[in-house]
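Colleague: To be precise about what I am sending: the file is called final_10.tsv and holds TSV, N, CA and C atoms.
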```tsv
chain	number	residue	atom	x	y	z
A	880	MET	N	-0.96	58.75	69.40
A	880	MET	CA	-2.02	57.85	69.04
A	880	MET	C	-3.06	58.60	68.23
A	881	ALA	N	-3.61	57.96	67.24
A	881	ALA	CA	-4.59	58.60	66.36
A	881	ALA	C	-5.90	58.83	67.10
A	882	ARG	N	-6.53	59.96	66.81
A	882	ARG	CA	-7.81	60.27	67.43
A	882	ARG	C	-8.96	59.52	66.78
A	883	ASN	N	-8.85	59.31	65.49
A	883	ASN	CA	-9.91	58.63	64.77
A	883	ASN	C	-9.29	57.78	63.66
A	884	VAL	N	-9.97	56.73	63.33
A	884	VAL	CA	-9.50	55.82	62.29
A	884	VAL	C	-10.60	55.71	61.23
A	885	TYR	N	-10.18	55.83	59.97
A	885	TYR	CA	-11.11	55.72	58.85
A	885	TYR	C	-10.70	54.53	57.99
A	886	GLY	N	-11.66	53.87	57.43
A	886	GLY	CA	-11.40	52.79	56.48
A	886	GLY	C	-12.11	53.10	55.18
A	887	LEU	N	-11.45	52.90	54.05
A	887	LEU	CA	-12.02	53.17	52.74
A	887	LEU	C	-12.18	51.89	51.95
A	888	ASP	N	-13.31	51.75	51.31
A	888	ASP	CA	-13.55	50.64	50.40
A	888	ASP	C	-13.89	51.27	49.05
A	889	LEU	N	-12.94	51.26	48.13
A	889	LEU	CA	-13.14	51.85	46.82
A	889	LEU	C	-13.74	50.80	45.89
A	890	GLY	N	-15.05	50.74	45.85
A	890	GLY	CA	-15.74	49.80	44.98
A	890	GLY	C	-15.96	50.41	43.61
A	891	THR	N	-16.42	49.59	42.68
A	891	THR	CA	-16.63	50.05	41.32
A	891	THR	C	-17.78	51.05	41.25
A	892	TYR	N	-18.84	50.83	42.01
A	892	TYR	CA	-19.99	51.72	41.95
A	892	TYR	C	-20.21	52.53	43.23
A	893	ASP	N	-19.76	52.02	44.34
A	893	ASP	CA	-19.93	52.71	45.62
A	893	ASP	C	-18.59	52.87	46.32
A	894	ILE	N	-18.48	53.95	47.08
A	894	ILE	CA	-17.35	54.15	47.97
A	894	ILE	C	-17.91	54.13	49.38
A	895	LYS	N	-17.32	53.31	50.23
A	895	LYS	CA	-17.77	53.21	51.61
A	895	LYS	C	-16.67	53.74	52.52
A	896	ILE	N	-17.04	54.57	53.47
A	896	ILE	CA	-16.09	55.14	54.41
A	896	ILE	C	-16.56	54.76	55.81
A	897	PHE	N	-15.69	54.06	56.55
A	897	PHE	CA	-16.00	53.64	57.90
A	897	PHE	C	-15.33	54.58	58.88
A	898	ASP	N	-16.10	55.13	59.81
A	898	ASP	CA	-15.61	56.01	60.87
A	898	ASP	C	-15.64	55.22	62.18
A	899	LYS	N	-14.47	54.87	62.71
A	899	LYS	CA	-14.41	54.03	63.89
A	899	LYS	C	-14.91	54.75	65.14
A	900	LYS	N	-14.62	56.04	65.25
A	900	LYS	CA	-15.01	56.80	66.43
A	900	LYS	C	-16.53	56.85	66.58
A	901	LYS	N	-17.23	57.08	65.48
A	901	LYS	CA	-18.69	57.16	65.52
A	901	LYS	C	-19.35	55.83	65.20
A	902	ASP	N	-18.55	54.81	64.84
A	902	ASP	CA	-19.04	53.49	64.46
A	902	ASP	C	-20.13	53.62	63.40
A	903	ARG	N	-19.75	54.27	62.31
A	903	ARG	CA	-20.71	54.59	61.25
A	903	ARG	C	-20.08	54.36	59.88
A	904	ILE	N	-20.89	53.97	58.92
A	904	ILE	CA	-20.42	53.77	57.55
A	904	ILE	C	-21.18	54.72	56.64
A	905	TRP	N	-20.44	55.49	55.84
A	905	TRP	CA	-21.03	56.38	54.85
A	905	TRP	C	-20.91	55.74	53.48
A	906	HIS	N	-21.96	55.86	52.70
A	906	HIS	CA	-21.98	55.33	51.33
A	906	HIS	C	-22.09	56.51	50.36
A	907	ALA	N	-21.34	56.47	49.29
A	907	ALA	CA	-21.43	57.47	48.24
A	907	ALA	C	-21.20	56.78	46.90
A	908	LYS	N	-21.88	57.25	45.88
A	908	LYS	CA	-21.68	56.70	44.54
A	908	LYS	C	-20.32	57.11	44.02
A	909	ASN	N	-19.71	56.26	43.24
A	909	ASN	CA	-18.40	56.52	42.66
A	909	ASN	C	-18.59	57.14	41.28
A	910	VAL	N	-19.04	58.39	41.26
A	910	VAL	CA	-19.35	59.09	40.02
A	910	VAL	C	-18.80	60.51	40.13
A	911	ILE	N	-18.28	61.02	39.01
A	911	ILE	CA	-17.79	62.39	38.94
A	911	ILE	C	-18.44	63.08	37.75
A	912	ALA	N	-18.90	64.30	37.96
A	912	ALA	CA	-19.43	65.12	36.88
A	912	ALA	C	-18.41	66.23	36.59
A	913	MET	N	-17.91	66.26	35.35
A	913	MET	CA	-16.91	67.25	34.95
A	913	MET	C	-17.55	68.27	34.02
A	914	LYS	N	-17.31	69.54	34.29
A	914	LYS	CA	-17.81	70.61	33.44
A	914	LYS	C	-16.71	71.02	32.48
A	915	ASP	N	-17.02	70.98	31.19
A	915	ASP	CA	-16.09	71.34	30.12
A	915	ASP	C	-14.80	70.50	30.18
A	916	LYS	N	-14.88	69.30	30.76
A	916	LYS	CA	-13.76	68.37	30.89
A	916	LYS	C	-12.55	68.97	31.60
A	917	LYS	N	-12.78	70.02	32.39
A	917	LYS	CA	-11.70	70.67	33.12
A	917	LYS	C	-11.98	70.77	34.61
A	918	TYR	N	-13.21	71.06	34.99
A	918	TYR	CA	-13.55	71.37	36.36
A	918	TYR	C	-14.51	70.33	36.93
A	919	ILE	N	-14.28	69.96	38.18
A	919	ILE	CA	-15.19	69.02	38.84
A	919	ILE	C	-16.45	69.80	39.22
A	920	PHE	N	-17.56	69.36	38.67
A	920	PHE	CA	-18.85	70.03	38.88
A	920	PHE	C	-19.58	69.43	40.07
A	921	SER	N	-19.55	68.12	40.18
A	921	SER	CA	-20.24	67.44	41.26
A	921	SER	C	-19.63	66.05	41.44
A	922	VAL	N	-19.78	65.49	42.65
A	922	VAL	CA	-19.28	64.14	42.93
A	922	VAL	C	-20.32	63.36	43.72
A	923	GLY	N	-20.17	62.04	43.70
A	923	GLY	CA	-21.00	61.19	44.54
A	923	GLY	C	-22.44	61.08	44.09
A	924	ASP	N	-23.32	61.09	45.06
A	924	ASP	CA	-24.75	60.91	44.80
A	924	ASP	C	-25.32	62.03	43.94
A	925	ASP	N	-24.84	63.26	44.12
A	925	ASP	CA	-25.33	64.38	43.31
A	925	ASP	C	-24.98	64.19	41.83
A	926	ALA	N	-23.78	63.71	41.56
A	926	ALA	CA	-23.38	63.46	40.18
A	926	ALA	C	-24.15	62.28	39.59
A	927	TYR	N	-24.45	61.29	40.41
A	927	TYR	CA	-25.19	60.13	39.93
A	927	TYR	C	-26.61	60.51	39.50
A	928	GLU	N	-27.21	61.47	40.20
A	928	GLU	CA	-28.55	61.94	39.84
A	928	GLU	C	-28.56	62.62	38.48
A	929	MET	N	-27.43	63.16	38.04
A	929	MET	CA	-27.34	63.84	36.75
A	929	MET	C	-27.02	62.87	35.61
A	930	TYR	N	-26.74	61.60	35.93
A	930	TYR	CA	-26.38	60.62	34.92
A	930	TYR	C	-27.50	60.47	33.89
A	931	GLU	N	-27.17	60.60	32.63
A	931	GLU	CA	-28.07	60.55	31.47
A	931	GLU	C	-29.05	61.72	31.41
A	932	LYS	N	-28.87	62.72	32.26
A	932	LYS	CA	-29.73	63.90	32.24
A	932	LYS	C	-28.92	65.20	32.10
A	933	ALA	N	-27.61	65.08	32.09
A	933	ALA	CA	-26.74	66.25	32.08
A	933	ALA	C	-26.69	66.88	30.70
A	934	PRO	N	-26.49	68.21	30.64
A	934	PRO	CA	-26.32	68.86	29.34
A	934	PRO	C	-25.00	68.45	28.68
A	935	GLY	N	-24.80	68.86	27.45
A	935	GLY	CA	-23.66	68.45	26.65
A	935	GLY	C	-22.31	68.84	27.20
A	936	ASN	N	-22.22	69.94	27.95
A	936	ASN	CA	-20.91	70.38	28.45
A	936	ASN	C	-20.52	69.71	29.77
A	937	ILE	N	-21.39	68.87	30.34
A	937	ILE	CA	-21.08	68.17	31.58
A	937	ILE	C	-20.93	66.68	31.26
A	938	HIS	N	-19.74	66.15	31.57
A	938	HIS	CA	-19.42	64.75	31.30
A	938	HIS	C	-19.47	63.96	32.61
A	939	ILE	N	-20.26	62.89	32.63
A	939	ILE	CA	-20.38	62.04	33.81
A	939	ILE	C	-19.49	60.81	33.60
A	940	SER	N	-18.66	60.49	34.59
A	940	SER	CA	-17.78	59.33	34.44
A	940	SER	C	-17.64	58.59	35.76
A	941	TYR	N	-17.29	57.32	35.64
A	941	TYR	CA	-16.94	56.46	36.77
A	941	TYR	C	-15.43	56.32	36.77
A	942	PRO	N	-14.71	56.92	37.73
A	942	PRO	CA	-13.25	56.82	37.72
A	942	PRO	C	-12.73	55.43	38.03
A	943	LEU	N	-13.50	54.59	38.70
A	943	LEU	CA	-13.14	53.20	38.93
A	943	LEU	C	-13.98	52.32	38.02
A	944	CYS	N	-13.33	51.44	37.27
A	944	CYS	CA	-14.05	50.59	36.33
A	944	CYS	C	-13.49	49.17	36.41
A	945	ASN	N	-14.36	48.20	36.63
A	945	ASN	CA	-13.96	46.80	36.73
A	945	ASN	C	-12.90	46.56	37.81
A	946	GLY	N	-13.00	47.29	38.91
A	946	GLY	CA	-12.10	47.07	40.03
A	946	GLY	C	-10.75	47.76	39.94
A	947	VAL	N	-10.49	48.51	38.89
A	947	VAL	CA	-9.23	49.25	38.75
A	947	VAL	C	-9.51	50.72	38.53
A	948	ILE	N	-8.55	51.55	38.86
A	948	ILE	CA	-8.70	53.00	38.65
A	948	ILE	C	-8.49	53.27	37.17
A	949	ALA	N	-9.57	53.69	36.50
A	949	ALA	CA	-9.51	53.94	35.06
A	949	ALA	C	-9.13	55.38	34.76
A	950	ASP	N	-9.41	56.29	35.67
A	950	ASP	CA	-9.14	57.72	35.44
A	950	ASP	C	-8.43	58.27	36.67
A	951	ILE	N	-7.11	58.11	36.73
A	951	ILE	CA	-6.34	58.48	37.92
A	951	ILE	C	-6.37	59.99	38.19
A	952	LYS	N	-6.38	60.78	37.14
A	952	LYS	CA	-6.36	62.24	37.31
A	952	LYS	C	-7.60	62.73	38.08
A	953	ASN	N	-8.76	62.22	37.71
A	953	ASN	CA	-9.99	62.65	38.37
A	953	ASN	C	-10.25	61.91	39.68
A	954	MET	N	-9.68	60.74	39.84
A	954	MET	CA	-9.86	59.98	41.07
A	954	MET	C	-9.17	60.63	42.24
A	955	GLU	N	-8.08	61.33	41.98
A	955	GLU	CA	-7.34	61.99	43.06
A	955	GLU	C	-8.20	63.01	43.76
```
Would you mind writing the structure in this file as C-alpha cells?
Modeller:
Amino acid sequence: MARNVYGLDLGTYDIKIFDKKKDRIWHAKNVIAMKDKKYIFSVGDDAYEMYEKAPGNIHISYPLCNGVIADIKNME
C-alpha cells in the first residue's frame, strides 16, 4: 500500500500539487528560466519573478500553453 498519495494539476499558469498525507496543496507558477537555452536556471515562482527582467542570455518560457504541453523537452 502506498504511504502517500500526490495529485497533480498541470494548469497553464499554475501547477498545483496535492499531498494527501498532510492534506495540503502547494501552488507554483508554471514558468522555466533557461540559461543559454541549454541549462535550467530557475523554475516556478523564482523564474516568474525574473519574467521581463532577465538578462539576454536567460530565456523565460511557459512550457504549458493553452492547456497543452508546448515544450515537452523542458517540461520533463
Colleague: Give the answer as one residue: which of A:Asp950, A:Met913, A:Phe897, A:Phe920 has the shortest atom-to-atom distance to His938 (chain A), using only C-alpha atoms?
Modeller: A:Met913
Colleague: Between A:His906, A:Lys895, A:Lys917, A:Lys900, which has the minimum distance to Ile937 (chain A) (counting only C-alpha atoms)?
Modeller: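 Looking at the shortest contact to Ile937 (chain A), the residue is A:Lys917.
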Colleague: Choose the residue, out of A:Met929, A:Asp898, A:Leu889, A:Gly935, that has the smallest atom-to-atom separation from Asp915 (chain A); count all atoms listed in the file.
Modeller: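 Closest residue, counting all atoms listed in the file: A:Gly935.
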Colleague: May I have the residues within 6.5 Å of Ser940 (chain A) as a PyMOL selection string, using only N, CA and C atoms and disregarding those fewer than 2 positions away in the same chain?
Modeller: chain A and resi 909-913+938+942-943
Colleague: What is the atom C of Trp905 (chain A)-CA of Glu928 (chain A) distance in Å, reported with one decimal?
Modeller: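 These two atoms are separated by 16.8 Å.
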Colleague: Which one of A:Lys899, A:Tyr930, A:Tyr892, A:Asn883 sits closest to Asn945 (chain A) if you count all atoms listed in the file?
Modeller: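 Of all the options, A:Tyr892 lies closest to Asn945 (chain A).
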Colleague: Figure out the distance between atom C of Asp888 (chain A) and atom C of Pro934 (chain A), please, to one decimal in Å.
Modeller: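 Distance reported for this atom pair: 28.9 Å.
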Colleague: What's the separation between atom C of Arg882 (chain A) and atom N of Ile904 (chain A), in Å to one decimal place?
Modeller: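 Atom-to-atom, atom C of Arg882 (chain A) to atom N of Ile904 (chain A), that is 15.3 Å.
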Colleague: Would you list, as an MDAnalysis selection string, the residues of region 883-953 of chain A that end up in strand (DSSP E or B) under DSSP run on this structure's backbone?
Modeller: chainID A and resid 885:889 893:898 903:908 911:914 918:922 937:940 943:944 947:948
Colleague: Okay, now the selection with N, CA and C atoms, as a CSV table (one decimal), keeping the file's coordinate frame?
Modeller:
```csv
chain,number,residue,atom,x,y,z
A,885,TYR,N,-10.2,55.8,60.0
A,885,TYR,CA,-11.1,55.7,58.8
A,885,TYR,C,-10.7,54.5,58.0
A,886,GLY,N,-11.7,53.9,57.4
A,886,GLY,CA,-11.4,52.8,56.5
A,886,GLY,C,-12.1,53.1,55.2
A,887,LEU,N,-11.4,52.9,54.0
A,887,LEU,CA,-12.0,53.2,52.7
A,887,LEU,C,-12.2,51.9,52.0
A,888,ASP,N,-13.3,51.8,51.3
A,888,ASP,CA,-13.6,50.6,50.4
A,888,ASP,C,-13.9,51.3,49.0
A,889,LEU,N,-12.9,51.3,48.1
A,889,LEU,CA,-13.1,51.8,46.8
A,889,LEU,C,-13.7,50.8,45.9
A,893,ASP,N,-19.8,52.0,44.3
A,893,ASP,CA,-19.9,52.7,45.6
A,893,ASP,C,-18.6,52.9,46.3
A,894,ILE,N,-18.5,54.0,47.1
A,894,ILE,CA,-17.4,54.2,48.0
A,894,ILE,C,-17.9,54.1,49.4
A,895,LYS,N,-17.3,53.3,50.2
A,895,LYS,CA,-17.8,53.2,51.6
A,895,LYS,C,-16.7,53.7,52.5
A,896,ILE,N,-17.0,54.6,53.5
A,896,ILE,CA,-16.1,55.1,54.4
A,896,ILE,C,-16.6,54.8,55.8
A,897,PHE,N,-15.7,54.1,56.6
A,897,PHE,CA,-16.0,53.6,57.9
A,897,PHE,C,-15.3,54.6,58.9
A,898,ASP,N,-16.1,55.1,59.8
A,898,ASP,CA,-15.6,56.0,60.9
A,898,ASP,C,-15.6,55.2,62.2
A,903,ARG,N,-19.8,54.3,62.3
A,903,ARG,CA,-20.7,54.6,61.2
A,903,ARG,C,-20.1,54.4,59.9
A,904,ILE,N,-20.9,54.0,58.9
A,904,ILE,CA,-20.4,53.8,57.6
A,904,ILE,C,-21.2,54.7,56.6
A,905,TRP,N,-20.4,55.5,55.8
A,905,TRP,CA,-21.0,56.4,54.8
A,905,TRP,C,-20.9,55.7,53.5
A,906,HIS,N,-22.0,55.9,52.7
A,906,HIS,CA,-22.0,55.3,51.3
A,906,HIS,C,-22.1,56.5,50.4
A,907,ALA,N,-21.3,56.5,49.3
A,907,ALA,CA,-21.4,57.5,48.2
A,907,ALA,C,-21.2,56.8,46.9
A,908,LYS,N,-21.9,57.2,45.9
A,908,LYS,CA,-21.7,56.7,44.5
A,908,LYS,C,-20.3,57.1,44.0
A,911,ILE,N,-18.3,61.0,39.0
A,911,ILE,CA,-17.8,62.4,38.9
A,911,ILE,C,-18.4,63.1,37.8
A,912,ALA,N,-18.9,64.3,38.0
A,912,ALA,CA,-19.4,65.1,36.9
A,912,ALA,C,-18.4,66.2,36.6
A,913,MET,N,-17.9,66.3,35.4
A,913,MET,CA,-16.9,67.2,35.0
A,913,MET,C,-17.6,68.3,34.0
A,914,LYS,N,-17.3,69.5,34.3
A,914,LYS,CA,-17.8,70.6,33.4
A,914,LYS,C,-16.7,71.0,32.5
A,918,TYR,N,-13.2,71.1,35.0
A,918,TYR,CA,-13.6,71.4,36.4
A,918,TYR,C,-14.5,70.3,36.9
A,919,ILE,N,-14.3,70.0,38.2
A,919,ILE,CA,-15.2,69.0,38.8
A,919,ILE,C,-16.4,69.8,39.2
A,920,PHE,N,-17.6,69.4,38.7
A,920,PHE,CA,-18.8,70.0,38.9
A,920,PHE,C,-19.6,69.4,40.1
A,921,SER,N,-19.6,68.1,40.2
A,921,SER,CA,-20.2,67.4,41.3
A,921,SER,C,-19.6,66.0,41.4
A,922,VAL,N,-19.8,65.5,42.6
A,922,VAL,CA,-19.3,64.1,42.9
A,922,VAL,C,-20.3,63.4,43.7
A,937,ILE,N,-21.4,68.9,30.3
A,937,ILE,CA,-21.1,68.2,31.6
A,937,ILE,C,-20.9,66.7,31.3
A,938,HIS,N,-19.7,66.2,31.6
A,938,HIS,CA,-19.4,64.8,31.3
A,938,HIS,C,-19.5,64.0,32.6
A,939,ILE,N,-20.3,62.9,32.6
A,939,ILE,CA,-20.4,62.0,33.8
A,939,ILE,C,-19.5,60.8,33.6
A,940,SER,N,-18.7,60.5,34.6
A,940,SER,CA,-17.8,59.3,34.4
A,940,SER,C,-17.6,58.6,35.8
A,943,LEU,N,-13.5,54.6,38.7
A,943,LEU,CA,-13.1,53.2,38.9
A,943,LEU,C,-14.0,52.3,38.0
A,944,CYS,N,-13.3,51.4,37.3
A,944,CYS,CA,-14.0,50.6,36.3
A,944,CYS,C,-13.5,49.2,36.4
A,947,VAL,N,-10.5,48.5,38.9
A,947,VAL,CA,-9.2,49.2,38.8
A,947,VAL,C,-9.5,50.7,38.5
A,948,ILE,N,-8.6,51.6,38.9
A,948,ILE,CA,-8.7,53.0,38.6
A,948,ILE,C,-8.5,53.3,37.2
```
Colleague: Using only C-alpha atoms, which of A:Lys952, A:Lys932, A:Ile896, A:Thr891 sits nearest Tyr918 (chain A)?
Modeller: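 Closest to Tyr918 (chain A) of all the choices is A:Lys952.
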Colleague: Using only C-alpha atoms, find the one residue out of A:Ala907, A:Glu931, A:Asn936, A:Gly946 that sits nearest to Ile919 (chain A).
Modeller: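 Of all the options, A:Asn936 lies closest to Ile919 (chain A).
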Colleague: Since the input is missing atoms, can you rebuild N, CA, C and O atoms for region 912-925 of chain A and write them as an mmCIF file, keeping the file's coordinate frame?
Modeller:
```
data_model
loop_
_atom_site.group_PDB
_atom_site.id
_atom_site.type_symbol
_atom_site.label_atom_id
_atom_site.label_comp_id
_atom_site.auth_asym_id
_atom_site.auth_seq_id
_atom_site.Cartn_x
_atom_site.Cartn_y
_atom_site.Cartn_z
ATOM 1 N N ALA A 912 -18.900 64.300 37.960
ATOM 2 C CA ALA A 912 -19.430 65.120 36.880
ATOM 3 C C ALA A 912 -18.410 66.230 36.590
ATOM 4 O O ALA A 912 -18.068 67.001 37.477
ATOM 5 N N MET A 913 -17.910 66.260 35.350
ATOM 6 C CA MET A 913 -16.910 67.250 34.950
ATOM 7 C C MET A 913 -17.550 68.270 34.020
ATOM 8 O O MET A 913 -18.223 67.887 33.060
ATOM 9 N N LYS A 914 -17.310 69.540 34.290
ATOM 10 C CA LYS A 914 -17.810 70.610 33.440
ATOM 11 C C LYS A 914 -16.710 71.020 32.480
ATOM 12 O O LYS A 914 -15.605 71.361 32.897
ATOM 13 N N ASP A 915 -17.020 70.980 31.190
ATOM 14 C CA ASP A 915 -16.090 71.340 30.120
ATOM 15 C C ASP A 915 -14.800 70.500 30.180
ATOM 16 O O ASP A 915 -13.748 70.931 29.743
ATOM 17 N N LYS A 916 -14.880 69.300 30.760
ATOM 18 C CA LYS A 916 -13.760 68.370 30.890
ATOM 19 C C LYS A 916 -12.550 68.970 31.600
ATOM 20 O O LYS A 916 -11.425 68.509 31.431
ATOM 21 N N LYS A 917 -12.780 70.020 32.390
ATOM 22 C CA LYS A 917 -11.700 70.670 33.120
ATOM 23 C C LYS A 917 -11.980 70.770 34.610
ATOM 24 O O LYS A 917 -11.081 70.618 35.421
ATOM 25 N N TYR A 918 -13.210 71.060 34.990
ATOM 26 C CA TYR A 918 -13.550 71.370 36.360
ATOM 27 C C TYR A 918 -14.510 70.330 36.930
ATOM 28 O O TYR A 918 -15.437 69.906 36.264
ATOM 29 N N ILE A 919 -14.280 69.960 38.180
ATOM 30 C CA ILE A 919 -15.190 69.020 38.840
ATOM 31 C C ILE A 919 -16.450 69.800 39.220
ATOM 32 O O ILE A 919 -16.400 70.775 39.964
ATOM 33 N N PHE A 920 -17.560 69.360 38.670
ATOM 34 C CA PHE A 920 -18.850 70.030 38.880
ATOM 35 C C PHE A 920 -19.580 69.430 40.070
ATOM 36 O O PHE A 920 -20.148 70.148 40.883
ATOM 37 N N SER A 921 -19.550 68.120 40.180
ATOM 38 C CA SER A 921 -20.240 67.440 41.260
ATOM 39 C C SER A 921 -19.630 66.050 41.440
ATOM 40 O O SER A 921 -19.069 65.495 40.509
ATOM 41 N N VAL A 922 -19.780 65.490 42.650
ATOM 42 C CA VAL A 922 -19.280 64.140 42.930
ATOM 43 C C VAL A 922 -20.320 63.360 43.720
ATOM 44 O O VAL A 922 -21.224 63.926 44.312
ATOM 45 N N GLY A 923 -20.170 62.040 43.700
ATOM 46 C CA GLY A 923 -21.000 61.190 44.540
ATOM 47 C C GLY A 923 -22.440 61.080 44.090
ATOM 48 O O GLY A 923 -22.741 60.983 42.898
ATOM 49 N N ASP A 924 -23.320 61.090 45.060
ATOM 50 C CA ASP A 924 -24.750 60.910 44.800
ATOM 51 C C ASP A 924 -25.320 62.030 43.940
ATOM 52 O O ASP A 924 -26.208 61.793 43.113
ATOM 53 N N ASP A 925 -24.840 63.260 44.120
ATOM 54 C CA ASP A 925 -25.330 64.380 43.310
ATOM 55 C C ASP A 925 -24.980 64.190 41.830
ATOM 56 O O ASP A 925 -25.786 64.475 40.952
#
```
